Number of protein chains: 2
Amino acid sequence: MQNAAASTPKFRRLEADFRRQRLIDATVKCIAEHGYAATSVRQICSKADVSPGLLRHYFTGKSDLILQAYAQLIDKFSTELKSALDDHSVENQDEKDDPRNKLKVFVNTCFNGTMQEETTLSVMLAFWSELRLDPMMQSNAKSLCSGYHQQLVDVISDVALNEGNQDEVDPSLVALALAALVDGLWLQMCINRSTFSINDARLACFGLLDGFLFCGTNEQWLQVRAAGRLDQH
Amino acid sequence: MQNAAASTPKFRRLEADFRRQRLIDATVKCIAEHGYAATSVRQICSKADVSPGLLRHYFTGKSDLILQAYAQLIDKFSTELKSALDDHSVENQDEKDDPRNKLKVFVNTCFNGTMQEETTLSVMLAFWSELRLDPMMQSNAKSLCSGYHQQLVDVISDVALNEGNQDEVDPSLVALALAALVDGLWLQMCINRSTFSINDARLACFGLLDGFLFCGTNEQWLQVRAAGRLDQH
DNA sequence: GAAATAATTTTACAACTGTAAAATAAGCCT
DNA sequence: AGGCTTATTTTACAGTTGTAAAATTATTTC
């Protein structure tokens with residue numbers, strides 16, 4: 001029975017995309033708050049201010065919703081990375097194309113935006129741990145990872161080539177190390193959050209690149225590095 | 001009703017420690033196989049060839065068992081690390097005390113023994129993801145991490161001091177970077193297992209140390225490094 | 001304003017969860 | 001051989017899980 005004239009309706013019918021997004025957001029929040037294992041359909045729907053039955057009106061099931069939440073998380077970072085790399089606010093085209101600069105932008109983006117939010121990091125960690133068990137998630141992850149890993153290898157090759165170090169530098173090893181270092185720092189930011197700052201994380205990455213790419217041969221880079229050191233205090 | 005004379009008994013009473021260990025092992029296997037979220041009491045007990053009720057005879061509950069499994073995982077690595085660092089099979093006492101050598105042993109141990117087993121890595125990852133939510137686990141983790149992190153800082157300080165680089169090297173930053181790199185490589189070994197070898201992982205760590213500690217000033221280290229490069233092929 | 005549409009809620013269900021307590025039976029002691 | 005201890009199994013239970021389908025009801029259309 002619906003109430004008389006002036007009463008508020010029991011619910012409102014909203015646009016499909018809006019509801020879908022609300023459910024996805026609620027999923028991420030639940031995983032961040034209670035962990036992957038303790039996240040249930042009823043919990044998600046309650047956080048989305050929606051009855052439990054609605055989930056299956058917009059998604060095939062719980063795992064479908066979770067999969068899409070993961071895809072969106074990945075996509076957000078991927079987009080931030082792309083837009084940072086061809087940021088048109090940089091006036092100097094030469095600087096933009098400088099592979100050293102690309103690496104700098106990459107590292108900075110890894111510790112800005114989504115990736116410095118506690119929620120994003122802890123949910124990402126939860127997904128990593130489930131990745132191994134879910135082939136669907138794996139293919140999602142690969143679309144991001146293998147893409148940006150190859151890009152990293154290319155940029156690093158460019159740096160080495162530019163500076164005449166192509167014989168001393170193993171681009172795929174450096175890319176592996178940098179990617180792993182970033183992952184590891186994300187992990188530690190989740191677990192030991194307070195023991196170091198975001199700037200420490202950046203310095204660690206720049207330090208790694210300095211070493212692998214022989215910063216000693218690149219004066220411009222040394223200046224950037226010195227500036228970074230000063231920022232720290 | 002128990003069967004006639006020559007029949008096998010329904011079960012055997014075993015030593016407490018043995019049963020406890022079997023349950024712990026089963027827990028680790030379950031988490032490795034089906035993930036943290038999907039690991040149930042009945043599953044664990046079935047893998048330990050034991051009826052579900054027995055769990056609560058040896059542990060306060062499921063979470064107690066899981067906690068002890070985690071503690072044991074951490075302890076195993078911690079022990080390996082300790083025994084590697086004061087390995088008496090090394091003839092030369094000077095070499096053993098050399099901080100450069102300690103770092104080498106540390107890195108090698110991180111990718112040998114337990115830590116190269118797929119099971120250990122994936123279960124460790126699962127625990128990392130739950131760590132944030134469980135204060136008990138956190139205190140377990142801290143006993144390991146904060147301990148060996150400080151040790152790392154000290155060793156790195158020694159290297160810098162030995163080689164007259166104490167002004168250029170920031171030991172806590174280097175320790176952070178190395179620890180994070182190791183974690184990140186473990187993570188990647190879980191997720192992208194096939195894309196790189198254990199030797200790549202070691203090379204990445206040595207490369208990082210090379211850079212941060214200015215290997216250029218240390219000829220002995222350069223030789224070790226060159227040898228490592230040759231091993232790769 | 002009435003009928004049609006479909007977004008949303010409600011109810012139902014079978015399977016599973018962790019835990020508790022009672023029932024069983026293996027192995028030790030005398 | 002028989003009784004005692006207690007390790008182990010069995011049974012029971014209340015709560016939760018994901019999903020399915022039916023019942024509502026807000027909104028649109030005519």
# chains A, B, ... in the order shown; residues from 1 in each chain; ligands from 1

$ select_by_dssp --residues "segment 41-227 of chain A" --states "helix (DSSP H, G or I)" --output "JSON, numbers by chain"
{"A": [41, 42, 43, 44, 45, 46, 47, 52, 53, 54, 55, 56, 57, 58, 62, 63, 64, 65, 66, 67, 68, 69, 70, 71, 72, 73, 74, 75, 76, 77, 78, 79, 80, 81, 82, 83, 84, 85, 93, 94, 95, 96, 97, 99, 100, 101, 102, 103, 104, 105, 106, 107, 108, 109, 110, 113, 114, 115, 116, 118, 119, 120, 121, 122, 123, 124, 125, 126, 127, 128, 129, 130, 131, 135, 136, 137, 138, 139, 140, 141, 142, 143, 144, 145, 146, 147, 148, 149, 150, 151, 152, 153, 154, 155, 156, 157, 158, 159, 160, 161, 162, 171, 172, 173, 174, 175, 176, 177, 178, 179, 180, 181, 182, 183, 184, 185, 186, 187, 188, 189, 190, 191, 193, 194, 195, 198, 199, 200, 201, 202, 203, 204, 205, 206, 207, 208, 209, 210, 211, 212, 215, 216, 217, 219, 220, 221, 222, 223, 224, 225, 226, 227]}

$ interface_residues --of "chain C" --to "chain B" --cutoff "12 Å" --atoms "only C-alpha atoms (C1' of nucleotides)" --output "JSON, numbers by chain"
{"C": [16, 17, 18, 19, 20, 21, 22, 23, 24, 25, 26, 27, 28]}

$ interface_residues --of "chain D" --to "chain A" --cutoff "9 Å" --atoms "only C-alpha atoms (C1' of nucleotides)" --output "PyMOL selection string"
chain D and resi 17-19+24-27

$ write_last_selection --atoms "all heavy atoms" --output "compact mmCIF listing (two decimals), in the first residue's frame"
# COMPACT_ATOMS: atom_id res chain seq x y z
P DT D 17 26.54 -12.35 5.45
OP1 DT D 17 27.75 -11.50 5.50
OP2 DT D 17 25.19 -11.75 5.43
O5' DT D 17 26.66 -13.31 4.19
C5' DT D 17 27.70 -14.28 4.11
C4' DT D 17 27.38 -15.27 3.02
O4' DT D 17 26.32 -16.14 3.47
C3' DT D 17 26.80 -14.64 1.76
O3' DT D 17 27.86 -14.21 0.93
C2' DT D 17 26.04 -15.81 1.15
C1' DT D 17 25.66 -16.68 2.34
N1 DT D 17 24.20 -16.73 2.69
C2 DT D 17 23.42 -17.70 2.12
O2 DT D 17 23.85 -18.51 1.31
N3 DT D 17 22.09 -17.69 2.53
C4 DT D 17 21.52 -16.82 3.43
O4 DT D 17 20.33 -16.89 3.72
C5 DT D 17 22.40 -15.82 3.98
C7 DT D 17 21.87 -14.84 4.97
C6 DT D 17 23.68 -15.82 3.59
P DG D 18 27.50 -13.21 -0.27
OP1 DG D 18 28.79 -12.71 -0.80
OP2 DG D 18 26.49 -12.28 0.22
O5' DG D 18 26.83 -14.13 -1.39
C5' DG D 18 27.60 -15.16 -1.99
C4' DG D 18 26.74 -15.88 -3.01
O4' DG D 18 25.59 -16.44 -2.34
C3' DG D 18 26.19 -14.97 -4.12
O3' DG D 18 26.23 -15.66 -5.36
C2' DG D 18 24.77 -14.68 -3.66
C1' DG D 18 24.39 -15.95 -2.92
N9 DG D 18 23.43 -15.68 -1.84
C8 DG D 18 23.49 -14.69 -0.90
N7 DG D 18 22.49 -14.70 -0.07
C5 DG D 18 21.71 -15.75 -0.47
C6 DG D 18 20.49 -16.25 0.06
O6 DG D 18 19.84 -15.84 1.01
N1 DG D 18 20.01 -17.36 -0.66
C2 DG D 18 20.66 -17.90 -1.74
N2 DG D 18 20.07 -18.95 -2.30
N3 DG D 18 21.81 -17.45 -2.24
C4 DG D 18 22.28 -16.38 -1.56
P DT D 19 25.70 -14.93 -6.69
OP1 DT D 19 26.51 -15.42 -7.82
OP2 DT D 19 25.59 -13.49 -6.42
O5' DT D 19 24.23 -15.54 -6.82
C5' DT D 19 24.09 -16.96 -6.77
C4' DT D 19 22.62 -17.33 -6.76
O4' DT D 19 22.01 -16.90 -5.51
C3' DT D 19 21.79 -16.71 -7.88
O3' DT D 19 21.08 -17.74 -8.53
C2' DT D 19 20.86 -15.75 -7.14
C1' DT D 19 20.71 -16.44 -5.80
N1 DT D 19 20.28 -15.57 -4.69
C2 DT D 19 19.17 -15.92 -3.96
O2 DT D 19 18.50 -16.91 -4.18
N3 DT D 19 18.85 -15.06 -2.94
C4 DT D 19 19.52 -13.91 -2.58
O4 DT D 19 19.12 -13.21 -1.64
C5 DT D 19 20.67 -13.59 -3.38
C7 DT D 19 21.47 -12.36 -3.08
C6 DT D 19 21.00 -14.43 -4.38
P DT D 24 2.03 -7.98 -3.14
OP1 DT D 24 1.34 -7.92 -1.84
OP2 DT D 24 1.33 -7.73 -4.42
O5' DT D 24 3.29 -7.01 -3.04
C5' DT D 24 3.05 -5.67 -2.73
C4' DT D 24 4.19 -4.85 -3.27
O4' DT D 24 4.68 -5.37 -4.52
C3' DT D 24 3.76 -3.41 -3.58
O3' DT D 24 4.39 -2.59 -2.64
C2' DT D 24 4.19 -3.18 -5.01
C1' DT D 24 5.23 -4.29 -5.23
N1 DT D 24 5.48 -4.70 -6.63
C2 DT D 24 6.52 -4.10 -7.30
O2 DT D 24 7.24 -3.26 -6.82
N3 DT D 24 6.70 -4.55 -8.60
C4 DT D 24 5.94 -5.52 -9.25
O4 DT D 24 6.19 -5.84 -10.40
C5 DT D 24 4.87 -6.09 -8.49
C7 DT D 24 4.02 -7.14 -9.10
C6 DT D 24 4.69 -5.66 -7.22
P DT D 25 3.74 -1.29 -2.14
OP1 DT D 25 4.29 -0.97 -0.81
OP2 DT D 25 2.30 -1.46 -2.36
O5' DT D 25 4.27 -0.21 -3.17
C5' DT D 25 5.67 -0.13 -3.42
C4' DT D 25 5.93 0.64 -4.70
O4' DT D 25 5.91 -0.24 -5.85
C3' DT D 25 4.90 1.74 -5.01
O3' DT D 25 5.57 2.83 -5.55
C2' DT D 25 4.05 1.09 -6.09
C1' DT D 25 5.17 0.40 -6.86
N1 DT D 25 4.76 -0.60 -7.87
C2 DT D 25 5.53 -0.75 -9.00
O2 DT D 25 6.53 -0.11 -9.21
N3 DT D 25 5.08 -1.70 -9.88
C4 DT D 25 3.95 -2.49 -9.74
O4 DT D 25 3.65 -3.31 -10.60
C5 DT D 25 3.21 -2.28 -8.53
C7 DT D 25 1.95 -3.08 -8.28
C6 DT D 25 3.63 -1.35 -7.66
P DA D 26 5.57 4.23 -4.72
OP1 DA D 26 6.10 4.05 -3.37
OP2 DA D 26 4.21 4.75 -4.92
O5' DA D 26 6.58 5.13 -5.55
C5' DA D 26 7.91 4.68 -5.72
C4' DA D 26 8.39 4.91 -7.15
O4' DA D 26 7.80 3.91 -8.02
C3' DA D 26 8.03 6.26 -7.75
O3' DA D 26 9.19 6.76 -8.38
C2' DA D 26 6.93 5.95 -8.76
C1' DA D 26 7.24 4.54 -9.17
N9 DA D 26 6.10 3.70 -9.55
C8 DA D 26 4.96 3.48 -8.83
N7 DA D 26 4.11 2.64 -9.40
C5 DA D 26 4.76 2.29 -10.58
C6 DA D 26 4.38 1.41 -11.64
N6 DA D 26 3.24 0.74 -11.67
N1 DA D 26 5.25 1.28 -12.66
C2 DA D 26 6.40 1.96 -12.61
N3 DA D 26 6.86 2.80 -11.68
C4 DA D 26 5.98 2.92 -10.69
P DT D 27 9.26 8.27 -8.90
OP1 DT D 27 10.64 8.76 -8.75
OP2 DT D 27 8.12 8.99 -8.27
O5' DT D 27 8.96 8.11 -10.44
C5' DT D 27 9.84 7.32 -11.24
C4' DT D 27 9.20 7.00 -12.58
O4' DT D 27 8.04 6.16 -12.39
C3' DT D 27 8.70 8.20 -13.38
O3' DT D 27 9.57 8.37 -14.49
C2' DT D 27 7.27 7.83 -13.79
C1' DT D 27 7.23 6.33 -13.53
N1 DT D 27 5.89 5.77 -13.22
C2 DT D 27 5.33 4.85 -14.10
O2 DT D 27 5.87 4.49 -15.12
N3 DT D 27 4.09 4.36 -13.72
C4 DT D 27 3.39 4.70 -12.58
O4 DT D 27 2.29 4.21 -12.35
C5 DT D 27 4.03 5.66 -11.72
C7 DT D 27 3.33 6.10 -10.47
C6 DT D 27 5.24 6.15 -12.06

$ interface_residues --of "chain A" --to "chain B" --cutoff "9 Å" --atoms "only C-alpha atoms" --output "PyMOL selection string"
chain A and resi 33-38+122-123+125-133+138+173-174+176-188+190-191+196+200-201+203-205+207-214

$ residues_around --residues "segment 97-111 of chain A" --least-positions-apart "2" --cutoff "7 Å" --atoms "only C-alpha atoms (C1' of nucleotides)" --output "list in words"
Leu81, Ala84, Leu85, Gln93, Asp94, Glu95, Gly113, Met115, Gln116, Val155, Asp158, Val159, Ile198, Arg202 and Cys205 of chain A

$ write_last_selection --atoms "C-alpha atoms" --output "compact mmCIF listing (two decimals), in the first residue's frame"
# COMPACT_ATOMS: atom_id res chain seq x y z
CA LEU A 81 48.92 7.81 -16.17
CA ALA A 84 49.90 12.81 -17.06
CA LEU A 85 52.19 11.62 -19.83
CA GLN A 93 57.53 20.00 -26.27
CA ASP A 94 61.14 18.90 -26.05
CA GLU A 95 60.89 18.41 -22.31
CA GLY A 113 45.89 10.91 -7.38
CA MET A 115 47.23 5.80 -5.81
CA GLN A 116 47.83 7.81 -2.69
CA VAL A 155 61.30 4.62 -22.36
CA ASP A 158 65.46 5.56 -25.00
CA VAL A 159 67.22 7.00 -21.97
CA ILE A 198 55.09 9.81 -0.09
CA ARG A 202 59.37 9.02 -4.78
CA CYS A 205 62.16 5.33 -7.12

$ closest_residue --among "C:DT30, C:DA14, C:DA2, C:DT8" --to "DT29 of chain D" --atoms "only C-alpha atoms (C1' of nucleotides)"
C:DA2
